[in-house]
$ cat input14.cif   # mmCIF, C-alpha atoms and all ligand atoms
data_work
#
loop_
_atom_site.label_atom_id
_atom_site.label_comp_id
_atom_site.auth_asym_id
_atom_site.auth_seq_id
_atom_site.Cartn_x
_atom_site.Cartn_y
_atom_site.Cartn_z
CA MET A 1 -8.27 30.76 -12.04
CA SER A 2 -9.46 29.30 -8.77
CA VAL A 3 -7.59 26.39 -7.20
CA ARG A 4 -9.28 23.33 -5.69
CA ILE A 5 -7.45 21.12 -3.22
CA ALA A 6 -8.87 17.63 -2.69
CA PRO A 7 -7.18 15.62 0.10
CA SER A 8 -7.20 11.88 -0.68
CA LEU A 9 -8.53 9.79 2.18
CA LEU A 10 -6.35 6.89 1.04
CA SER A 11 -3.58 8.32 3.24
CA ALA A 12 -5.85 9.19 6.18
CA ASP A 13 -5.85 7.35 9.50
CA PHE A 14 -9.16 5.48 9.37
CA ALA A 15 -9.15 4.91 13.11
CA ARG A 16 -9.59 8.69 13.35
CA LEU A 17 -11.65 9.28 10.22
CA ALA A 18 -13.93 11.93 11.73
CA ASP A 19 -10.92 13.91 13.01
CA GLU A 20 -9.09 13.58 9.69
CA ILE A 21 -12.10 14.96 7.81
CA ALA A 22 -12.56 17.76 10.34
CA MET A 23 -8.86 18.58 9.81
CA CYS A 24 -9.43 18.80 6.03
CA GLU A 25 -12.33 21.17 6.58
CA ALA A 26 -10.36 23.32 9.01
CA GLY A 27 -7.49 23.49 6.52
CA GLY A 28 -9.82 24.80 3.81
CA ALA A 29 -10.04 21.72 1.59
CA ASP A 30 -12.46 22.19 -1.29
CA TRP A 31 -13.34 18.53 -1.92
CA ILE A 32 -12.66 15.17 -0.32
CA HIS A 33 -11.15 12.67 -2.77
CA VAL A 34 -12.27 9.07 -2.31
CA ASP A 35 -10.28 6.35 -4.10
CA VAL A 36 -12.33 3.25 -4.90
CA MET A 37 -10.19 0.27 -5.98
CA ASP A 38 -11.38 -3.20 -6.88
CA GLY A 39 -8.23 -5.35 -6.96
CA ARG A 40 -8.80 -5.89 -10.68
CA PHE A 41 -8.24 -2.61 -12.51
CA VAL A 42 -5.55 -1.84 -9.94
CA PRO A 43 -3.69 -4.23 -7.64
CA ASN A 44 -5.26 -2.92 -4.43
CA LEU A 45 -8.62 -2.92 -2.64
CA THR A 46 -10.18 0.00 -0.81
CA PHE A 47 -13.71 1.21 -0.18
CA GLY A 48 -17.27 0.83 -1.37
CA ALA A 49 -20.64 2.52 -0.85
CA LYS A 50 -20.64 1.96 2.90
CA VAL A 51 -17.53 4.08 3.41
CA ILE A 52 -18.77 6.79 1.01
CA GLU A 53 -21.96 6.94 3.07
CA THR A 54 -19.94 7.24 6.27
CA VAL A 55 -17.79 10.04 4.87
CA ARG A 56 -20.95 11.77 3.62
CA ARG A 57 -22.29 11.87 7.18
CA LEU A 58 -19.04 13.43 8.40
CA THR A 59 -18.86 16.41 6.03
CA ASP A 60 -20.79 18.67 3.69
CA LEU A 61 -17.79 19.02 1.35
CA PRO A 62 -18.24 17.61 -2.15
CA LEU A 63 -17.09 13.97 -2.37
CA ASP A 64 -14.91 13.45 -5.43
CA VAL A 65 -15.04 9.70 -6.09
CA HIS A 66 -12.28 8.22 -8.27
CA LEU A 67 -13.34 4.82 -9.57
CA MET A 68 -10.37 2.53 -10.21
CA VAL A 69 -12.62 -0.40 -11.03
CA VAL A 70 -13.62 -2.46 -14.04
CA GLU A 71 -17.25 -2.06 -15.18
CA PRO A 72 -17.63 1.17 -13.21
CA GLU A 73 -21.26 1.55 -14.34
CA ASN A 74 -22.22 -1.17 -11.84
CA TYR A 75 -21.59 1.29 -9.02
CA PHE A 76 -22.97 4.61 -10.32
CA GLU A 77 -26.37 4.44 -8.66
CA ASP A 78 -25.22 3.13 -5.30
CA PHE A 79 -22.37 5.60 -5.02
CA VAL A 80 -24.47 8.63 -5.92
CA ALA A 81 -27.13 7.44 -3.47
CA ALA A 82 -24.36 7.08 -0.86
CA GLY A 83 -23.46 10.74 -1.35
CA ALA A 84 -20.85 10.97 -4.12
CA SER A 85 -20.87 14.45 -5.71
CA GLY A 86 -18.74 13.44 -8.67
CA LEU A 87 -17.73 10.14 -10.26
CA THR A 88 -14.58 9.88 -12.33
CA ILE A 89 -14.08 6.83 -14.53
CA HIS A 90 -11.01 5.44 -16.28
CA THR A 91 -11.20 5.48 -20.08
CA GLU A 92 -9.16 2.25 -20.09
CA VAL A 93 -12.22 0.40 -18.76
CA ALA A 94 -14.98 2.51 -20.29
CA PRO A 95 -15.71 1.26 -23.81
CA HIS A 96 -18.96 3.24 -23.90
CA LEU A 97 -17.49 6.38 -22.43
CA LEU A 98 -20.08 8.83 -23.73
CA ARG A 99 -23.00 6.72 -22.51
CA GLN A 100 -21.35 6.16 -19.15
CA LEU A 101 -20.71 9.89 -18.69
CA SER A 102 -24.32 10.70 -19.62
CA ARG A 103 -25.54 8.22 -17.03
CA ILE A 104 -23.46 9.86 -14.30
CA LYS A 105 -24.92 13.26 -15.21
CA GLU A 106 -28.44 11.81 -15.32
CA LEU A 107 -27.94 10.73 -11.72
CA GLY A 108 -27.08 14.33 -10.85
CA ALA A 109 -23.34 13.91 -10.28
CA ARG A 110 -20.33 15.59 -11.84
CA ALA A 111 -19.02 13.39 -14.66
CA GLY A 112 -15.27 12.91 -14.91
CA ALA A 113 -12.91 10.91 -17.10
CA VAL A 114 -9.40 9.91 -16.12
CA ILE A 115 -6.42 8.62 -18.08
CA ASN A 116 -3.44 6.63 -16.82
CA PRO A 117 0.11 7.88 -17.46
CA GLY A 118 0.42 5.49 -20.41
CA THR A 119 -2.89 6.47 -22.03
CA PRO A 120 -2.81 9.18 -24.70
CA LEU A 121 -4.99 12.27 -24.45
CA SER A 122 -6.73 11.20 -27.65
CA ALA A 123 -8.74 8.80 -25.43
CA VAL A 124 -10.83 11.78 -24.26
CA GLN A 125 -10.70 13.96 -27.39
CA GLU A 126 -14.19 13.06 -28.63
CA VAL A 127 -15.91 13.46 -25.25
CA ALA A 128 -14.01 16.50 -23.99
CA VAL A 129 -16.92 18.87 -24.44
CA GLU A 130 -19.17 16.57 -22.37
CA LEU A 131 -16.80 16.37 -19.42
CA ASP A 132 -17.27 18.15 -16.12
CA LEU A 133 -13.79 17.06 -15.11
CA LEU A 134 -10.70 15.64 -16.80
CA LEU A 135 -8.23 13.89 -14.52
CA ILE A 136 -4.63 13.32 -15.57
CA MET A 137 -2.96 10.59 -13.48
CA SER A 138 0.57 11.57 -12.58
CA VAL A 139 1.37 8.13 -11.09
CA ASN A 140 0.20 4.67 -12.08
CA PRO A 141 -2.92 4.28 -9.94
CA GLY A 142 -3.23 1.85 -7.05
CA PHE A 143 -1.26 3.29 -4.16
CA GLY A 144 -0.67 6.52 -2.29
CA GLY A 145 2.77 7.96 -1.67
CA GLN A 146 4.26 7.30 -5.13
CA GLN A 147 6.63 9.57 -7.01
CA PHE A 148 5.24 12.15 -9.41
CA ILE A 149 5.98 11.25 -13.06
CA PRO A 150 7.65 14.40 -14.50
CA GLY A 151 6.25 13.91 -18.01
CA SER A 152 2.80 14.61 -16.55
CA VAL A 153 3.47 18.36 -16.69
CA GLY A 154 3.65 18.36 -20.49
CA LYS A 155 0.53 16.20 -20.63
CA ILE A 156 -1.36 18.67 -18.44
CA ARG A 157 -0.29 21.48 -20.78
CA ARG A 158 -1.59 19.52 -23.78
CA ALA A 159 -4.79 18.67 -21.90
CA ARG A 160 -5.41 22.36 -21.18
CA ARG A 161 -4.99 23.06 -24.89
CA LEU A 162 -7.39 20.23 -25.79
CA LEU A 163 -10.05 21.62 -23.43
CA ALA A 164 -9.66 25.09 -24.96
CA GLU A 165 -9.76 23.80 -28.54
CA THR A 166 -12.88 21.71 -27.97
CA GLY A 167 -14.67 24.44 -26.01
CA SER A 168 -14.82 22.20 -22.95
CA ARG A 169 -15.43 23.79 -19.58
CA ALA A 170 -14.15 20.73 -17.70
CA LEU A 171 -12.04 21.19 -14.60
CA LEU A 172 -8.50 19.89 -15.09
CA GLN A 173 -7.44 17.70 -12.20
CA VAL A 174 -4.14 15.99 -11.42
CA ASP A 175 -3.66 13.05 -9.04
CA GLY A 176 -0.53 11.31 -7.80
CA GLY A 177 2.63 12.58 -6.15
CA ILE A 178 1.30 16.11 -5.71
CA SER A 179 3.32 17.96 -3.10
CA ARG A 180 4.74 21.41 -2.38
CA GLU A 181 7.55 20.44 -4.80
CA THR A 182 5.36 19.40 -7.75
CA ILE A 183 2.10 21.36 -7.52
CA ASN A 184 3.33 24.66 -8.91
CA ALA A 185 4.51 23.18 -12.22
CA CYS A 186 1.12 21.47 -12.63
CA TRP A 187 -0.74 24.66 -11.90
CA ARG A 188 1.36 26.65 -14.35
CA ALA A 189 0.71 23.95 -16.96
CA GLY A 190 -3.03 24.55 -16.55
CA ALA A 191 -4.33 22.23 -13.81
CA ASP A 192 -6.87 23.78 -11.44
CA THR A 193 -7.83 20.86 -9.19
CA PHE A 194 -5.29 18.92 -7.15
CA VAL A 195 -5.53 15.62 -5.30
CA ALA A 196 -2.99 15.13 -2.52
CA GLY A 197 -2.78 12.22 -0.11
CA ASN A 198 0.64 11.62 1.33
CA ALA A 199 1.72 15.27 1.09
CA ILE A 200 -1.14 16.33 3.37
CA PHE A 201 -1.61 13.42 5.77
CA SER A 202 2.12 12.81 6.36
CA ALA A 203 2.93 16.50 6.81
CA ALA A 204 4.10 17.75 10.19
CA ASP A 205 1.05 20.03 10.18
CA PRO A 206 -1.53 18.45 7.82
CA GLU A 207 -4.08 21.24 8.31
CA ALA A 208 -1.58 23.94 7.35
CA GLU A 209 -0.25 21.89 4.43
CA ILE A 210 -3.52 22.35 2.53
CA GLY A 211 -2.92 26.11 2.59
CA VAL A 212 0.75 25.64 1.68
CA LEU A 213 -0.23 23.66 -1.42
CA ARG A 214 -2.78 26.29 -2.41
CA ALA A 215 -0.26 29.09 -1.92
CA GLN A 216 2.28 27.28 -4.13
CA CYS A 217 -0.18 27.63 -6.99
CA MET A 218 -0.11 31.39 -6.70
CA GLU A 219 3.69 31.53 -6.92
CA SER A 220 4.83 32.54 -10.38
CA ALA A 221 8.03 30.43 -10.52
C1 LIG A 301 -3.62 6.68 -6.52
C2 LIG A 301 -4.84 7.45 -6.08
C3 LIG A 301 -4.50 8.76 -5.50
C4 LIG A 301 -3.65 8.68 -4.27
C5 LIG A 301 -2.76 9.86 -4.31
O1 LIG A 301 -4.00 5.54 -7.19
O2 LIG A 301 -5.71 7.67 -7.17
O3 LIG A 301 -5.65 9.55 -5.27
O4 LIG A 301 -4.37 8.68 -3.06
O5 LIG A 301 -1.86 9.77 -3.29
P1 LIG A 301 -0.54 10.66 -3.21
O6 LIG A 301 -0.96 12.08 -3.20
O7 LIG A 301 0.07 10.19 -1.93
O8 LIG A 301 0.29 10.30 -4.42
ZN ZN A 302 -7.31 9.19 -6.82
#

$ encode --input "input14.cif" --output "C-alpha cells"
Amino acid sequence: MSVRIAPSLLSADFARLADEIAMCEAGGADWIHVDVMDGRFVPNLTFGAKVIETVRRLTDLPLDVHLMVVEPENYFEDFVAAGASGLTIHTEVAPHLLRQLSRIKELGARAGAVINPGTPLSAVQEVAVELDLLLIMSVNPGFGGQQFIPGSVGKIRRARRLLAETGSRALLQVDGGISRETINACWRAGADTFVAGNAIFSAADPEAEIGVLRAQCMESA
C-alpha cells in the first residue's frame, strides 16, 4: 500500500510561503493540505480562494483542500477554479452529502468526506462507494498542534473495514496530531494518507521529517 504525506500549511510560516512549499517538495511530500476555516463550523478563520490560487502558483503538487465551513457548496466552484485538486467536506454540515459529492466530481476534483471525532462512521456508510477519500479527524478540528485522540486508531480500523465491505476504493486519510509517535499505529490500522502540520513545520529538520514520517509507516511495530 502506498503512503501519501500531506503537510498542512496551517503550521507553515506564511512570511516564507514559497520557501515552505519548496521545502515540502524537496522533502517528497505527495500533496499539500490546505485548511479552510470559516469561524462558524470551527472557532478559527484561515484562508479562501485567493490563498489557494497563490499556493497553486507555487507548486504542481495536488492541493488537498479541507473545508471546515458551513454550506461548503458555496465554495466548490471558486476553489476548484483557484486550483484545488480535491475538496473534502464535513458530514456534520452536509445534509445533501451525495449531491454535494457529485458536484465536486462534476467540477473535476477528488471528492472527500470527513467526520469529526464525535461523529460515528455510519455518517458515511451510504456514500462510501462514491468517495474518492474518507478523512477521519483525530483531533477536534480548528487548530494545529493538538494532541492525537488515541481512540482514532480503532476508528481507522473500522473505517478500513467499511471501505472493504462497501467495495469503496476511497483513500483513507487521517488528520490531527500525526507525528513520528502516532503515524505508525494509524498506518497499521489501515490509513494510507496522512496530514501533518506541527510535526513537520516545527521539526528541527522539516524537510527530513517528511521522510521520517513515511519511513515510520513501513515499520512493522
Ligand atoms: C485541524 C486541521 C489540521 C491541522 C493539523 O483542524 O484540519 O489539518 O493543520 O495539524 P497538526 O498536524 O499540527 O495536528
Ligand atoms: Zn485539515

$ residues_near_ligand --input "input14.cif" --ligand "ligand ZN 302 (chain A)" --cutoff "12 Å" --atoms "all atoms listed in the file" --output "PyMOL selection string"
chain A and resi 6-11+32-37+42+46+63-69+87-90+112-116+135-146+173-178+193-198

$ axis_aligned_box --input "input14.cif" --around "stretch 12-27 of chain A" --padding-each-side "6 Å" --output "JSON"
{"center_x": -9.9, "center_y": 14.2, "center_z": 9.7, "size_x": 20.1, "size_y": 30.6, "size_z": 19.3}

$ residues_around --input "input14.cif" --residues "A:Trp187" --least-positions-apart "6" --cutoff "10 Å" --atoms "all atoms listed in the file" --output "PDB file with C-alpha atoms, in the coordinates of the input"
ATOM      1  CA  MET A   1      -8.270  30.760 -12.040  1.00  0.00           C
ATOM      2  CA  VAL A   3      -7.590  26.390  -7.200  1.00  0.00           C
ATOM      3  CA  VAL A 153       3.470  18.360 -16.690  1.00  0.00           C
ATOM      4  CA  ILE A 156      -1.360  18.670 -18.440  1.00  0.00           C
ATOM      5  CA  ARG A 157      -0.290  21.480 -20.780  1.00  0.00           C
ATOM      6  CA  LEU A 172      -8.500  19.890 -15.090  1.00  0.00           C
ATOM      7  CA  GLN A 173      -7.440  17.700 -12.200  1.00  0.00           C
ATOM      8  CA  VAL A 174      -4.140  15.990 -11.420  1.00  0.00           C
ATOM      9  CA  THR A 193      -7.830  20.860  -9.190  1.00  0.00           C
ATOM     10  CA  PHE A 194      -5.290  18.920  -7.150  1.00  0.00           C
ATOM     11  CA  ARG A 214      -2.780  26.290  -2.410  1.00  0.00           C
ATOM     12  CA  GLN A 216       2.280  27.280  -4.130  1.00  0.00           C
ATOM     13  CA  CYS A 217      -0.180  27.630  -6.990  1.00  0.00           C
ATOM     14  CA  MET A 218      -0.110  31.390  -6.700  1.00  0.00           C
ATOM     15  CA  GLU A 219       3.690  31.530  -6.920  1.00  0.00           C
ATOM     16  CA  SER A 220       4.830  32.540 -10.380  1.00  0.00           C
TER      17      SER A 220
END

$ atom_distance --input "input14.cif" --atom1 "atom CA of A:Gly83" --atom2 "atom CA of A:Arg56"
5.7 Å

$ atom_distance --input "input14.cif" --atom1 "atom O8 of ligand LIG 301 (chain A)" --atom2 "atom CA of A:Glu126"
28.3 Å

$ closest_residue --input "input14.cif" --among "A:Leu107, A:Leu45, A:Ala15, A:Leu133" --to "ligand LIG 301 (chain A)" --atoms "only C-alpha atoms and all ligand atoms"
A:Leu45

$ residues_near_point --input "input14.cif" --point "(-11.8, 26.2, 4.2)" --cutoff "12 Å" --atoms "only C-alpha atoms" --output "VMD selection string"
chain A and resid 4 to 6 21 to 32 60 to 61 207 to 208 210 to 211 214

$ closest_residue --input "input14.cif" --among "A:Thr59, A:Gln100, A:Asn44, A:Thr91" --to "ligand LIG 301 (chain A)" --atoms "only C-alpha atoms and all ligand atoms"
A:Asn44

$ atom_distance --input "input14.cif" --atom1 "atom CA of A:Pro206" --atom2 "atom CA of A:Glu20"
9.2 Å

$ closest_residue --input "input14.cif" --among "A:Glu77, A:Ala82, A:Val93, A:Ala185" --to "A:Lys105" --atoms "all atoms listed in the file"
A:Glu77

$ closest_residue --input "input14.cif" --among "A:Asn74, A:Ile200, A:Thr166, A:Pro95" --to "ligand LIG 301 (chain A)" --atoms "all atoms listed in the file"
A:Ile200

$ closest_residue --input "input14.cif" --among "A:Glu106, A:Asp19, A:Asp38, A:Asp78" --to "ligand LIG 301 (chain A)" --atoms "only C-alpha atoms and all ligand atoms"
A:Asp38

$ closest_residue --input "input14.cif" --among "A:Phe14, A:Ala203, A:Leu97, A:Ile52" --to "A:Val127" --atoms "all atoms listed in the file"
A:Leu97

$ residues_near_point --input "input14.cif" --point "(-16.8, 21.8, -8.5)" --cutoff "8 Å" --atoms "all atoms listed in the file" --output "list in words"
Pro62, Arg110 and Leu171 of chain A

$ residues_around --input "input14.cif" --residues "A:Arg158" --least-positions-apart "5" --cutoff "12 Å" --atoms "all atoms listed in the file" --output "list in words"
Pro120, Leu121, Ser122, Gln125, Ile136, Gly151, Ser152, Val153, Leu163, Ala164, Glu165, Leu172, Cys186, Ala189, Gly190 and Ala191 of chain A
